[in-house]
file entry.pdb (PDB, C-alpha atoms)
MODEL        1
ATOM      1  CA  MET A   1     289.511 185.771  70.388
ATOM      2  CA  ALA A   2     289.075 183.117  73.090
ATOM      3  CA  GLY A   3     286.983 185.597  75.058
ATOM      4  CA  LEU A   4     284.636 185.973  72.091
ATOM      5  CA  ALA A   5     284.171 182.215  71.821
ATOM      6  CA  THR A   6     283.431 181.912  75.553
ATOM      7  CA  ALA A   7     280.972 184.797  75.464
ATOM      8  CA  PHE A   8     279.069 183.357  72.533
ATOM      9  CA  VAL A   9     278.981 179.879  74.092
ATOM     10  CA  LEU A  10     277.482 181.403  77.234
ATOM     11  CA  THR A  11     274.962 183.234  75.083
ATOM     12  CA  LEU A  12     274.009 179.989  73.372
ATOM     13  CA  ALA A  13     273.481 178.315  76.753
ATOM     14  CA  LEU A  14     271.249 181.197  77.811
ATOM     15  CA  LEU A  15     269.183 180.828  74.664
ATOM     16  CA  CYS A  16     268.711 177.100  75.274
ATOM     17  CA  LEU A  17     267.695 177.594  78.899
ATOM     18  CA  SER A  18     265.246 180.351  77.952
ATOM     19  CA  TYR A  19     263.662 178.635  74.958
ATOM     20  CA  ALA A  20     260.538 177.287  76.663
ATOM     21  CA  TYR A  21     259.815 180.641  78.297
ATOM     22  CA  VAL A  22     260.197 182.795  75.216
ATOM     23  CA  ARG A  23     258.254 180.337  73.066
ATOM     24  CA  HIS A  24     255.303 180.743  75.426
ATOM     25  CA  ARG A  25     255.667 184.530  75.435
ATOM     26  CA  ARG A  26     255.996 184.653  71.666
ATOM     27  CA  ASN A  27     252.747 182.760  71.188
ATOM     28  CA  GLN A  28     250.971 185.335  73.341
ATOM     29  CA  ALA A  29     252.468 188.393  71.626
ATOM     30  CA  LEU A  30     250.010 190.700  69.854
ATOM     31  CA  ASP A  31     250.666 191.755  66.275
ATOM     32  CA  ASP A  32     250.555 195.428  67.128
ATOM     33  CA  ARG A  33     253.500 195.028  69.509
ATOM     34  CA  HIS A  34     255.816 194.623  66.556
ATOM     35  CA  GLY A  35     254.221 196.922  64.036
ATOM     36  CA  ALA A  36     252.019 194.482  62.131
ATOM     37  CA  LEU A  37     248.613 195.436  60.858
ATOM     38  CA  PRO A  38     245.642 193.411  62.140
ATOM     39  CA  ILE A  39     244.799 192.706  58.495
ATOM     40  CA  ARG A  40     246.877 192.675  55.336
ATOM     41  CA  LEU A  41     245.908 194.534  52.217
ATOM     42  CA  ASP A  42     244.820 192.235  49.392
ATOM     43  CA  ASP A  43     246.228 194.524  46.719
ATOM     44  CA  PRO A  44     248.176 197.240  48.558
ATOM     45  CA  GLU A  45     249.676 198.899  45.491
ATOM     46  CA  LYS A  46     246.174 199.905  44.333
ATOM     47  CA  SER A  47     245.126 201.385  47.672
ATOM     48  CA  THR A  48     244.346 205.089  47.806
ATOM     49  CA  ASP A  49     244.738 205.268  51.598
ATOM     50  CA  PRO A  50     248.316 206.386  52.287
ATOM     51  CA  LEU A  51     248.114 205.510  55.979
ATOM     52  CA  LEU A  52     247.197 201.916  55.196
ATOM     53  CA  LEU A  53     249.967 201.791  52.620
ATOM     54  CA  LEU A  54     252.436 203.183  55.130
ATOM     55  CA  GLY A  55     251.390 200.628  57.722
ATOM     56  CA  GLN A  56     251.851 197.775  55.282
ATOM     57  CA  ALA A  57     255.177 199.156  54.071
ATOM     58  CA  ASN A  58     256.384 199.453  57.670
ATOM     59  CA  ARG A  59     255.413 195.859  58.398
ATOM     60  CA  LEU A  60     257.426 194.661  55.410
ATOM     61  CA  TYR A  61     260.343 196.934  56.278
ATOM     62  CA  TRP A  62     260.631 195.481  59.786
ATOM     63  CA  LEU A  63     260.547 192.024  58.196
ATOM     64  CA  ASN A  64     263.691 192.997  56.253
ATOM     65  CA  ASN A  65     261.767 192.957  52.975
ATOM     66  CA  GLY A  66     262.886 196.109  51.204
ATOM     67  CA  PRO A  67     261.901 194.946  47.691
ATOM     68  CA  LYS A  68     258.240 194.579  48.721
ATOM     69  CA  ALA A  69     258.216 197.612  51.004
ATOM     70  CA  ALA A  70     259.729 200.084  48.509
ATOM     71  CA  PRO A  71     256.796 200.375  46.055
ATOM     72  CA  LEU A  72     254.344 200.791  48.925
ATOM     73  CA  PHE A  73     256.450 203.543  50.480
ATOM     74  CA  ALA A  74     256.658 205.157  47.031
ATOM     75  CA  ARG A  75     252.888 205.105  46.503
ATOM     76  CA  ALA A  76     252.259 206.423  50.014
ATOM     77  CA  GLU A  77     254.824 209.163  49.410
ATOM     78  CA  ARG A  78     252.984 210.336  46.266
ATOM     79  CA  LEU A  79     249.592 210.260  47.976
ATOM     80  CA  PHE A  80     250.867 212.202  50.994
ATOM     81  CA  ALA A  81     252.434 214.765  48.630
ATOM     82  CA  ASP A  82     249.081 215.172  46.863
ATOM     83  CA  ARG A  83     247.467 215.868  50.237
ATOM     84  CA  GLY A  84     250.136 218.333  51.302
ATOM     85  CA  ASP A  85     251.155 216.122  54.250
ATOM     86  CA  ALA A  86     254.863 216.981  54.365
ATOM     87  CA  ARG A  87     255.554 215.039  57.546
ATOM     88  CA  ASN A  88     254.299 211.687  56.315
ATOM     89  CA  GLU A  89     255.624 212.312  52.821
ATOM     90  CA  LEU A  90     259.101 212.594  54.338
ATOM     91  CA  TYR A  91     258.556 209.484  56.471
ATOM     92  CA  ALA A  92     257.578 207.499  53.378
ATOM     93  CA  LYS A  93     260.484 208.914  51.359
ATOM     94  CA  VAL A  94     263.032 207.872  53.995
ATOM     95  CA  GLY A  95     261.431 204.429  54.097
ATOM     96  CA  ARG A  96     261.578 204.147  50.309
ATOM     97  CA  PHE A  97     265.225 205.180  50.122
ATOM     98  CA  ARG A  98     266.216 202.809  52.899
ATOM     99  CA  SER A  99     264.250 199.959  51.259
ATOM    100  CA  GLU A 100     266.145 200.614  48.004
ATOM    101  CA  ALA A 101     269.486 201.050  49.788
ATOM    102  CA  GLU A 102     271.358 198.397  47.840
ATOM    103  CA  THR A 103     270.542 200.069  44.521
ATOM    104  CA  MET A 104     272.281 203.322  45.518
ATOM    105  CA  SER A 105     275.367 204.666  47.258
ATOM    106  CA  PHE A 106     275.382 204.130  51.032
ATOM    107  CA  VAL A 107     277.390 207.342  51.361
ATOM    108  CA  GLU A 108     274.770 209.344  49.464
ATOM    109  CA  LEU A 109     271.935 207.728  51.404
ATOM    110  CA  SER A 110     273.600 208.527  54.720
ATOM    111  CA  ARG A 111     274.123 212.123  53.614
ATOM    112  CA  PHE A 112     270.477 212.436  52.572
ATOM    113  CA  VAL A 113     269.153 211.147  55.893
ATOM    114  CA  ASP A 114     271.601 213.349  57.794
ATOM    115  CA  GLU A 115     270.155 216.352  55.964
ATOM    116  CA  GLN A 116     266.657 215.303  57.006
ATOM    117  CA  LEU A 117     267.746 215.104  60.648
ATOM    118  CA  ARG A 118     268.341 218.878  60.458
ATOM    119  CA  ASN A 119     264.927 219.508  58.891
ATOM    120  CA  PRO A 120     262.684 221.523  61.258
ATOM    121  CA  ILE A 121     259.893 218.972  60.751
ATOM    122  CA  VAL A 122     262.181 216.202  62.009
ATOM    123  CA  LEU A 123     263.658 218.276  64.824
ATOM    124  CA  GLY A 124     260.184 218.795  66.266
ATOM    125  CA  ASP A 125     258.882 215.241  65.840
ATOM    126  CA  ALA A 126     260.445 212.526  68.037
ATOM    127  CA  LYS A 127     258.860 209.602  66.167
ATOM    128  CA  LEU A 128     259.980 210.897  62.795
ATOM    129  CA  ARG A 129     263.467 211.592  64.142
ATOM    130  CA  LEU A 130     263.658 208.042  65.492
ATOM    131  CA  TRP A 131     262.652 206.683  62.077
ATOM    132  CA  CYS A 132     265.396 208.713  60.386
ATOM    133  CA  LEU A 133     268.007 207.629  62.931
ATOM    134  CA  ILE A 134     267.113 203.979  62.428
ATOM    135  CA  ALA A 135     267.465 204.379  58.663
ATOM    136  CA  LYS A 136     270.799 206.149  59.108
ATOM    137  CA  GLY A 137     272.050 203.587  61.621
ATOM    138  CA  TYR A 138     271.385 200.662  59.285
ATOM    139  CA  THR A 139     273.109 202.591  56.498
ATOM    140  CA  ASP A 140     276.116 203.869  58.422
ATOM    141  CA  ILE A 141     277.092 200.409  59.675
ATOM    142  CA  GLU A 142     278.054 199.686  56.052
ATOM    143  CA  ILE A 143     280.491 202.598  55.863
ATOM    144  CA  ASP A 144     281.400 203.961  59.318
ATOM    145  CA  HIS A 145     280.629 202.067  62.525
ATOM    146  CA  ARG A 146     281.494 205.120  64.654
ATOM    147  CA  ALA A 147     278.754 207.129  62.946
ATOM    148  CA  ALA A 148     276.405 204.158  63.315
ATOM    149  CA  LYS A 149     277.132 204.074  67.047
ATOM    150  CA  ARG A 150     276.089 207.722  67.384
ATOM    151  CA  ASP A 151     272.928 207.025  65.386
ATOM    152  CA  TRP A 152     271.900 204.038  67.495
ATOM    153  CA  LEU A 153     272.714 205.633  70.834
ATOM    154  CA  GLU A 154     270.486 208.597  70.024
ATOM    155  CA  ALA A 155     267.810 206.287  68.615
ATOM    156  CA  GLN A 156     267.935 204.183  71.776
ATOM    157  CA  GLY A 157     267.397 207.251  73.946
ATOM    158  CA  ILE A 158     264.446 208.501  71.903
ATOM    159  CA  ALA A 159     262.908 205.024  71.771
ATOM    160  CA  LYS A 160     263.155 204.767  75.557
ATOM    161  CA  ASN A 161     261.391 208.104  75.981
ATOM    162  CA  LEU A 162     258.673 207.029  73.528
ATOM    163  CA  GLY A 163     258.275 203.586  75.093
ATOM    164  CA  ASP A 164     259.074 201.943  71.765
ATOM    165  CA  ASP A 165     260.307 198.516  72.885
ATOM    166  CA  ARG A 166     260.980 197.222  69.384
ATOM    167  CA  ALA A 167     263.201 200.163  68.481
ATOM    168  CA  MET A 168     265.044 199.901  71.817
ATOM    169  CA  THR A 169     265.725 196.215  71.168
ATOM    170  CA  ARG A 170     266.861 196.816  67.598
ATOM    171  CA  ALA A 171     269.190 199.572  68.829
ATOM    172  CA  ALA A 172     270.644 197.326  71.546
ATOM    173  CA  GLY A 173     271.367 194.585  69.029
ATOM    174  CA  GLU A 174     273.044 196.942  66.570
ATOM    175  CA  LEU A 175     275.127 198.405  69.391
ATOM    176  CA  GLY A 176     276.140 194.814  70.140
ATOM    177  CA  LEU A 177     277.439 194.470  66.593
ATOM    178  CA  ILE A 178     279.342 197.720  66.998
ATOM    179  CA  ALA A 179     280.816 196.502  70.308
ATOM    180  CA  PHE A 180     282.149 193.479  68.424
ATOM    181  CA  LEU A 181     283.711 195.748  65.781
ATOM    182  CA  GLU A 182     285.280 197.789  68.575
ATOM    183  CA  GLY A 183     286.902 194.683  70.065
ATOM    184  CA  ASN A 184     284.581 194.179  73.048
ATOM    185  CA  PRO A 185     283.305 190.624  72.462
ATOM    186  CA  GLY A 186     281.799 189.967  75.887
ATOM    187  CA  HIS A 187     279.676 193.114  75.767
ATOM    188  CA  ALA A 188     278.748 192.357  72.157
ATOM    189  CA  ALA A 189     277.519 188.864  73.018
ATOM    190  CA  ARG A 190     275.476 190.124  75.970
ATOM    191  CA  LEU A 191     273.801 192.842  73.907
ATOM    192  CA  LEU A 192     273.106 190.581  70.927
ATOM    193  CA  GLY A 193     271.940 187.666  73.066
ATOM    194  CA  GLY A 194     269.640 189.923  75.070
ATOM    195  CA  ALA A 195     268.281 191.537  71.918
ATOM    196  CA  LEU A 196     267.582 188.133  70.388
ATOM    197  CA  LEU A 197     265.703 186.967  73.466
ATOM    198  CA  SER A 198     263.639 190.172  73.445
ATOM    199  CA  THR A 199     262.687 189.738  69.789
ATOM    200  CA  MET A 200     261.729 186.120  70.454
ATOM    201  CA  ALA A 201     259.514 187.169  73.357
ATOM    202  CA  SER A 202     257.811 189.951  71.391
ATOM    203  CA  GLY A 203     257.424 188.061  68.116
ATOM    204  CA  ASP A 204     259.639 190.429  66.101
ATOM    205  CA  THR A 205     260.550 187.956  63.348
ATOM    206  CA  GLY A 206     262.682 190.414  61.396
ATOM    207  CA  GLY A 207     264.690 191.235  64.498
ATOM    208  CA  GLN A 208     265.163 187.567  65.326
ATOM    209  CA  VAL A 209     266.503 186.850  61.854
ATOM    210  CA  ARG A 210     268.894 189.797  62.003
ATOM    211  CA  PHE A 211     270.320 188.871  65.410
ATOM    212  CA  LEU A 212     270.534 185.152  64.648
ATOM    213  CA  GLU A 213     272.594 186.075  61.592
ATOM    214  CA  LEU A 214     274.892 188.305  63.638
ATOM    215  CA  LEU A 215     275.379 185.692  66.361
ATOM    216  CA  GLY A 216     276.079 183.092  63.698
ATOM    217  CA  ALA A 217     278.674 185.404  62.196
ATOM    218  CA  GLY A 218     280.284 185.731  65.624
ATOM    219  CA  PHE A 219     280.627 181.975  65.977
ATOM    220  CA  GLU A 220     281.943 181.678  62.425
ATOM    221  CA  GLU A 221     284.524 184.377  63.157
ATOM    222  CA  VAL A 222     286.081 182.147  65.838
ATOM    223  CA  ASN A 223     285.794 178.987  63.704
ATOM    224  CA  ARG A 224     282.967 177.403  65.687
ATOM    225  CA  HIS A 225     281.310 176.185  62.511
ATOM    226  CA  ALA A 226     278.767 173.781  64.023
ATOM    227  CA  GLU A 227     277.382 176.472  66.338
ATOM    228  CA  ALA A 228     277.389 179.019  63.499
ATOM    229  CA  LEU A 229     275.364 176.656  61.312
ATOM    230  CA  ARG A 230     272.712 176.326  64.015
ATOM    231  CA  PHE A 231     272.177 180.079  64.091
ATOM    232  CA  PHE A 232     272.240 180.503  60.316
ATOM    233  CA  GLU A 233     269.844 177.609  59.714
ATOM    234  CA  ARG A 234     267.466 178.926  62.375
ATOM    235  CA  ALA A 235     267.469 182.361  60.693
ATOM    236  CA  ILE A 236     266.674 180.780  57.310
ATOM    237  CA  LYS A 237     263.929 178.619  58.815
ATOM    238  CA  LEU A 238     262.299 181.605  60.506
ATOM    239  CA  ALA A 239     262.394 183.670  57.319
ATOM    240  CA  ASP A 240     260.943 180.790  55.294
ATOM    241  CA  ALA A 241     258.066 180.431  57.766
ATOM    242  CA  GLU A 242     256.993 184.080  57.307
ATOM    243  CA  LYS A 243     255.857 184.528  53.713
ATOM    244  CA  ASP A 244     256.467 188.287  53.777
ATOM    245  CA  SER A 245     259.955 188.044  55.246
ATOM    246  CA  GLY A 246     262.931 189.282  53.294
ATOM    247  CA  LEU A 247     265.565 186.769  52.305
ATOM    248  CA  PRO A 248     268.277 186.344  54.978
ATOM    249  CA  PHE A 249     271.253 186.716  52.680
ATOM    250  CA  MET A 250     273.735 187.028  55.537
ATOM    251  CA  ALA A 251     272.547 183.640  56.824
ATOM    252  CA  TYR A 252     272.943 182.073  53.373
ATOM    253  CA  GLU A 253     276.431 183.524  53.015
ATOM    254  CA  GLY A 254     277.432 182.501  56.518
ATOM    255  CA  LYS A 255     276.007 179.001  56.111
ATOM    256  CA  ALA A 256     278.003 178.523  52.933
ATOM    257  CA  GLN A 257     281.209 179.682  54.615
ATOM    258  CA  ALA A 258     280.623 177.331  57.550
ATOM    259  CA  LEU A 259     279.934 174.425  55.179
ATOM    260  CA  VAL A 260     283.118 175.077  53.209
ATOM    261  CA  ALA A 261     285.131 175.245  56.425
ATOM    262  CA  SER A 262     283.566 171.921  57.460
ATOM    263  CA  GLY A 263     284.592 170.272  54.181
ATOM    264  CA  ARG A 264     281.051 170.242  52.746
ATOM    265  CA  THR A 265     281.864 172.184  49.576
ATOM    266  CA  ASP A 266     279.138 170.733  47.336
ATOM    267  CA  GLU A 267     276.443 171.694  49.858
ATOM    268  CA  ALA A 268     277.937 175.165  50.099
ATOM    269  CA  LYS A 269     277.786 175.632  46.319
ATOM    270  CA  ARG A 270     274.098 174.691  46.258
ATOM    271  CA  VAL A 271     273.355 177.189  49.038
ATOM    272  CA  LEU A 272     275.255 179.950  47.231
ATOM    273  CA  ASP A 273     273.671 179.233  43.823
ATOM    274  CA  ASP A 274     270.207 179.430  45.385
ATOM    275  CA  ALA A 275     271.023 182.660  47.211
ATOM    276  CA  LEU A 276     272.610 184.218  44.104
ATOM    277  CA  THR A 277     269.467 183.604  42.051
ATOM    278  CA  LYS A 278     267.398 185.286  44.767
ATOM    279  CA  ALA A 279     269.836 188.202  45.107
ATOM    280  CA  ARG A 280     269.640 188.917  41.374
ATOM    281  CA  SER A 281     265.845 188.757  41.370
ATOM    282  CA  GLN A 282     265.730 191.354  44.164
ATOM    283  CA  ARG A 283     268.527 193.585  42.792
ATOM    284  CA  LYS A 284     270.608 193.017  45.932
ATOM    285  CA  ARG A 285     273.837 194.101  44.319
ATOM    286  CA  GLY A 286     275.988 194.052  47.414
ATOM    287  CA  HIS A 287     274.908 190.541  48.289
ATOM    288  CA  GLU A 288     275.242 189.443  44.663
ATOM    289  CA  ALA A 289     278.878 190.564  44.630
ATOM    290  CA  GLN A 290     279.625 188.850  47.919
ATOM    291  CA  LEU A 291     277.948 185.617  46.833
ATOM    292  CA  MET A 292     279.971 185.577  43.607
ATOM    293  CA  ILE A 293     283.181 186.011  45.593
ATOM    294  CA  LEU A 294     282.217 183.123  47.843
ATOM    295  CA  LEU A 295     281.311 180.931  44.875
ATOM    296  CA  ALA A 296     284.673 181.629  43.256
ATOM    297  CA  GLY A 297     286.377 180.432  46.411
ATOM    298  CA  CYS A 298     284.548 177.100  46.553
TER     299      CYS A 298
ENDMDL
END
call {"tool": "encode", "arguments": {"input": "entry.pdb", "output": "structure tokens"}}
result
Amino acid sequence: MAGLATAFVLTLALLCLSYAYVRHRRNQALDDRHGALPIRLDDPEKSTDPLLLLGQANRLYWLNNGPKAAPLFARAERLFADRGDARNELYAKVGRFRSEAETMSFVELSRFVDEQLRNPIVLGDAKLRLWCLIAKGYTDIEIDHRAAKRDWLEAQGIAKNLGDDRAMTRAAGELGLIAFLEGNPGHAARLLGGALLSTMASGDTGGQVRFLELLGAGFEEVNRHAEALRFFERAIKLADAEKDSGLPFMAYEGKAQALVASGRTDEAKRVLDDALTKARSQRKRGHEAQLMILLAGC
């Protein structure tokens, strides 16, 4: 485990040295580089334009906000079905299922997406296949990291061919997580640190939050609580600054664990109570269960 601690400390140093550069790059990044729409719909659920709905749903999805993305994917799915647009109907359906992932079985969701990957429409459409692989990769990491590795490696290759920088970065970061699970901490830290820097440079807020949470978890794993808190608190601050961002439950959970380990139990309870209220309001059952376990241990 000492190698993991050293690797993450080196990653932290790299982040500090690169901060001024990526802050400048981030300020120059265009919205369309990370999937945002140039304008936001005032009342998206009433829109009759499925492409606009899909664009807005995608923006929310990449901001880790499944609860807000799901109804937009659902409405787009119905409108595409009415138009006989099977390709985009399937895209919206996969997005809806993934956005509602915590209300269903991960095993069933993985099986559904796997079936779609054999659909002739998906086999002949690289962008749609990439979308399905991303959905499957985020699902499979919950149940089988070896399957997730296959998903992300294929997604990374397709994203490279398509020139999709965001998807390549997301894939690299998730492969970093998998490297950690496989016992390769140095490689994990390099992949996650590089992915975080890329999301900072491009302005991918959702990606930044995800990778900050994972790096924080790495520090917490080796009992470097002060460093872990820095990553978790940064993830929470970033999510709070973007009104459409999903709640960073992993950061809340990790922050509470780090606080307890640092002897700050009362602070940890307040963090967990706040996160539990939010988890229940968003029907995040997996996070709700985990938060209750953590609260019981305080």
call {"tool": "atom_distance", "arguments": {"input": "entry.pdb", "atom1": "CA of Glu108 in chain A", "atom2": "CA of Ala289 in chain A"}}
result
19.8 Å
call {"tool": "residues_around", "arguments": {"input": "entry.pdb", "residues": "Pro71 in chain A", "least_positions_apart": "4", "cutoff": "10 Å", "atoms": "all atoms listed in the file", "output": "short mmCIF file (atom, residue, chain, number, x, y, z; two decimals) with C-alpha atoms, in the frame of the given file"}}
result
data_model
loop_
_atom_site.label_atom_id
_atom_site.label_comp_id
_atom_site.auth_asym_id
_atom_site.auth_seq_id
_atom_site.Cartn_x
_atom_site.Cartn_y
_atom_site.Cartn_z
CA PRO A 44 248.18 197.24 48.56
CA GLU A 45 249.68 198.90 45.49
CA LEU A 53 249.97 201.79 52.62
CA ALA A 57 255.18 199.16 54.07
CA GLY A 66 262.89 196.11 51.20
CA PRO A 67 261.90 194.95 47.69
CA ARG A 75 252.89 205.10 46.50
CA ALA A 76 252.26 206.42 50.01
CA GLU A 77 254.82 209.16 49.41
CA ARG A 96 261.58 204.15 50.31
CA SER A 99 264.25 199.96 51.26
CA GLU A 100 266.14 200.61 48.00
#
call {"tool": "atom_distance", "arguments": {"input": "entry.pdb", "atom1": "CA of Glu227 in chain A", "atom2": "CA of Ala239 in chain A"}}
result
18.9 Å
call {"tool": "atom_distance", "arguments": {"input": "entry.pdb", "atom1": "CA of Ala235 in chain A", "atom2": "CA of Val209 in chain A"}}
result
4.7 Å
call {"tool": "closest_residue", "arguments": {"input": "entry.pdb", "among": "A:Arg87, A:Arg230, A:His287, A:Lys136", "to": "Leu123 in chain A", "atoms": "all atoms listed in the file"}}
result
A:Arg87
call {"tool": "closest_residue", "arguments": {"input": "entry.pdb", "among": "A:Ala69, A:Ile178, A:Ala74, A:Cys298", "to": "Glu267 in chain A", "atoms": "all atoms listed in the file"}}
result
A:Cys298
call {"tool": "resolve_selection", "arguments": {"input": "entry.pdb", "expression": "the PyMOL selection byres ((chain A and resi 176) around 9)", "output": "PyMOL selection string"}}
result
chain A and resi 171-175+177-181+184-185+187-193+195
call {"tool": "residues_around", "arguments": {"input": "entry.pdb", "residues": "Tyr138 in chain A", "least_positions_apart": "2", "cutoff": "10 Å", "atoms": "all atoms listed in the file", "output": "MDAnalysis selection string"}}
result
chainID A and resid 98 101 106 110 133:136 140:143 145 148 151:152 171 174
call {"tool": "closest_residue", "arguments": {"input": "entry.pdb", "among": "A:Arg270, A:Lys127, A:Lys237, A:Arg224", "to": "Glu253 in chain A", "atoms": "only C-alpha atoms"}}
result
A:Arg270
call {"tool": "closest_residue", "arguments": {"input": "entry.pdb", "among": "A:Ala155, A:Ala275, A:Ala92, A:Leu229", "to": "Met292 in chain A", "atoms": "all atoms listed in the file"}}
result
A:Ala275
call {"tool": "residues_around", "arguments": {"input": "entry.pdb", "residues": "Leu196 in chain A", "least_positions_apart": "3", "cutoff": "6 Å", "atoms": "all atoms listed in the file", "output": "PDB file with C-alpha atoms, keeping the file's coordinate frame"}}
result
ATOM      1  CA  GLY A 193     271.940 187.666  73.066  1.00  0.00           C
ATOM      2  CA  THR A 199     262.687 189.738  69.789  1.00  0.00           C
ATOM      3  CA  GLN A 208     265.163 187.567  65.326  1.00  0.00           C
ATOM      4  CA  PHE A 211     270.320 188.871  65.410  1.00  0.00           C
TER       5      PHE A 211
END
call {"tool": "residues_near_point", "arguments": {"input": "entry.pdb", "point": "(284.3, 181.4, 42.8)", "cutoff": "12 Å", "atoms": "only C-alpha atoms", "output": "PDB file with C-alpha atoms, in the frame of the given file"}}
result
ATOM      1  CA  THR A 265     281.864 172.184  49.576  1.00  0.00           C
ATOM      2  CA  ALA A 268     277.937 175.165  50.099  1.00  0.00           C
ATOM      3  CA  LYS A 269     277.786 175.632  46.319  1.00  0.00           C
ATOM      4  CA  LEU A 272     275.255 179.950  47.231  1.00  0.00           C
ATOM      5  CA  ASP A 273     273.671 179.233  43.823  1.00  0.00           C
ATOM      6  CA  ALA A 289     278.878 190.564  44.630  1.00  0.00           C
ATOM      7  CA  GLN A 290     279.625 188.850  47.919  1.00  0.00           C
ATOM      8  CA  LEU A 291     277.948 185.617  46.833  1.00  0.00           C
ATOM      9  CA  MET A 292     279.971 185.577  43.607  1.00  0.00           C
ATOM     10  CA  ILE A 293     283.181 186.011  45.593  1.00  0.00           C
ATOM     11  CA  LEU A 294     282.217 183.123  47.843  1.00  0.00           C
ATOM     12  CA  LEU A 295     281.311 180.931  44.875  1.00  0.00           C
ATOM     13  CA  ALA A 296     284.673 181.629  43.256  1.00  0.00           C
ATOM     14  CA  GLY A 297     286.377 180.432  46.411  1.00  0.00           C
ATOM     15  CA  CYS A 298     284.548 177.100  46.553  1.00  0.00           C
TER      16      CYS A 298
END
call {"tool": "residues_around", "arguments": {"input": "entry.pdb", "residues": "Ala251 in chain A", "least_positions_apart": "6", "cutoff": "10 Å", "atoms": "all atoms listed in the file", "output": "ChimeraX atom specification"}}
result
/A:209-210,212-214,216-217,228-229,231-236,257,275
call {"tool": "closest_residue", "arguments": {"input": "entry.pdb", "among": "A:Ser198, A:Thr103, A:Asn64, A:Asn58", "to": "Met250 in chain A", "atoms": "all atoms listed in the file"}}
result
A:Asn64
call {"tool": "decode", "arguments": {"input": "entry.pdb", "residues": "range 143-174 of chain A", "atoms": "C-alpha atoms", "output": "tab-separated table (two decimals), in the first residue's frame"}}
result
chain	number	residue	atom	x	y	z
A	143	ILE	CA	-20.90	-5.70	-10.31
A	144	ASP	CA	-17.88	-6.94	-12.31
A	145	HIS	CA	-14.77	-4.81	-12.84
A	146	ARG	CA	-13.42	-7.26	-15.45
A	147	ALA	CA	-16.50	-6.69	-17.62
A	148	ALA	CA	-16.18	-2.95	-17.01
A	149	LYS	CA	-12.58	-3.07	-18.22
A	150	ARG	CA	-13.68	-4.65	-21.50
A	151	ASP	CA	-16.40	-2.03	-21.88
A	152	TRP	CA	-14.06	0.91	-21.30
A	153	LEU	CA	-11.24	-0.42	-23.46
A	154	GLU	CA	-13.60	-0.78	-26.41
A	155	ALA	CA	-15.17	2.60	-25.65
A	156	GLN	CA	-11.72	4.19	-25.52
A	157	GLY	CA	-10.85	2.79	-28.94
A	158	ILE	CA	-14.08	3.98	-30.55
A	159	ALA	CA	-13.78	7.40	-28.91
A	160	LYS	CA	-10.25	7.75	-30.28
A	161	ASN	CA	-11.45	6.93	-33.79
A	162	LEU	CA	-14.31	9.43	-33.45
A	163	GLY	CA	-12.10	12.14	-31.96
A	164	ASP	CA	-14.31	12.29	-28.88
A	165	ASP	CA	-11.90	13.73	-26.29
A	166	ARG	CA	-14.41	13.74	-23.45
A	167	ALA	CA	-15.24	10.06	-23.87
A	168	MET	CA	-11.53	9.17	-24.15
A	169	THR	CA	-10.83	11.02	-20.90
A	170	ARG	CA	-13.76	9.43	-19.09
A	171	ALA	CA	-12.60	6.00	-20.28
A	172	ALA	CA	-9.03	6.65	-19.11
A	173	GLY	CA	-10.23	7.66	-15.66
A	174	GLU	CA	-12.48	4.62	-15.28
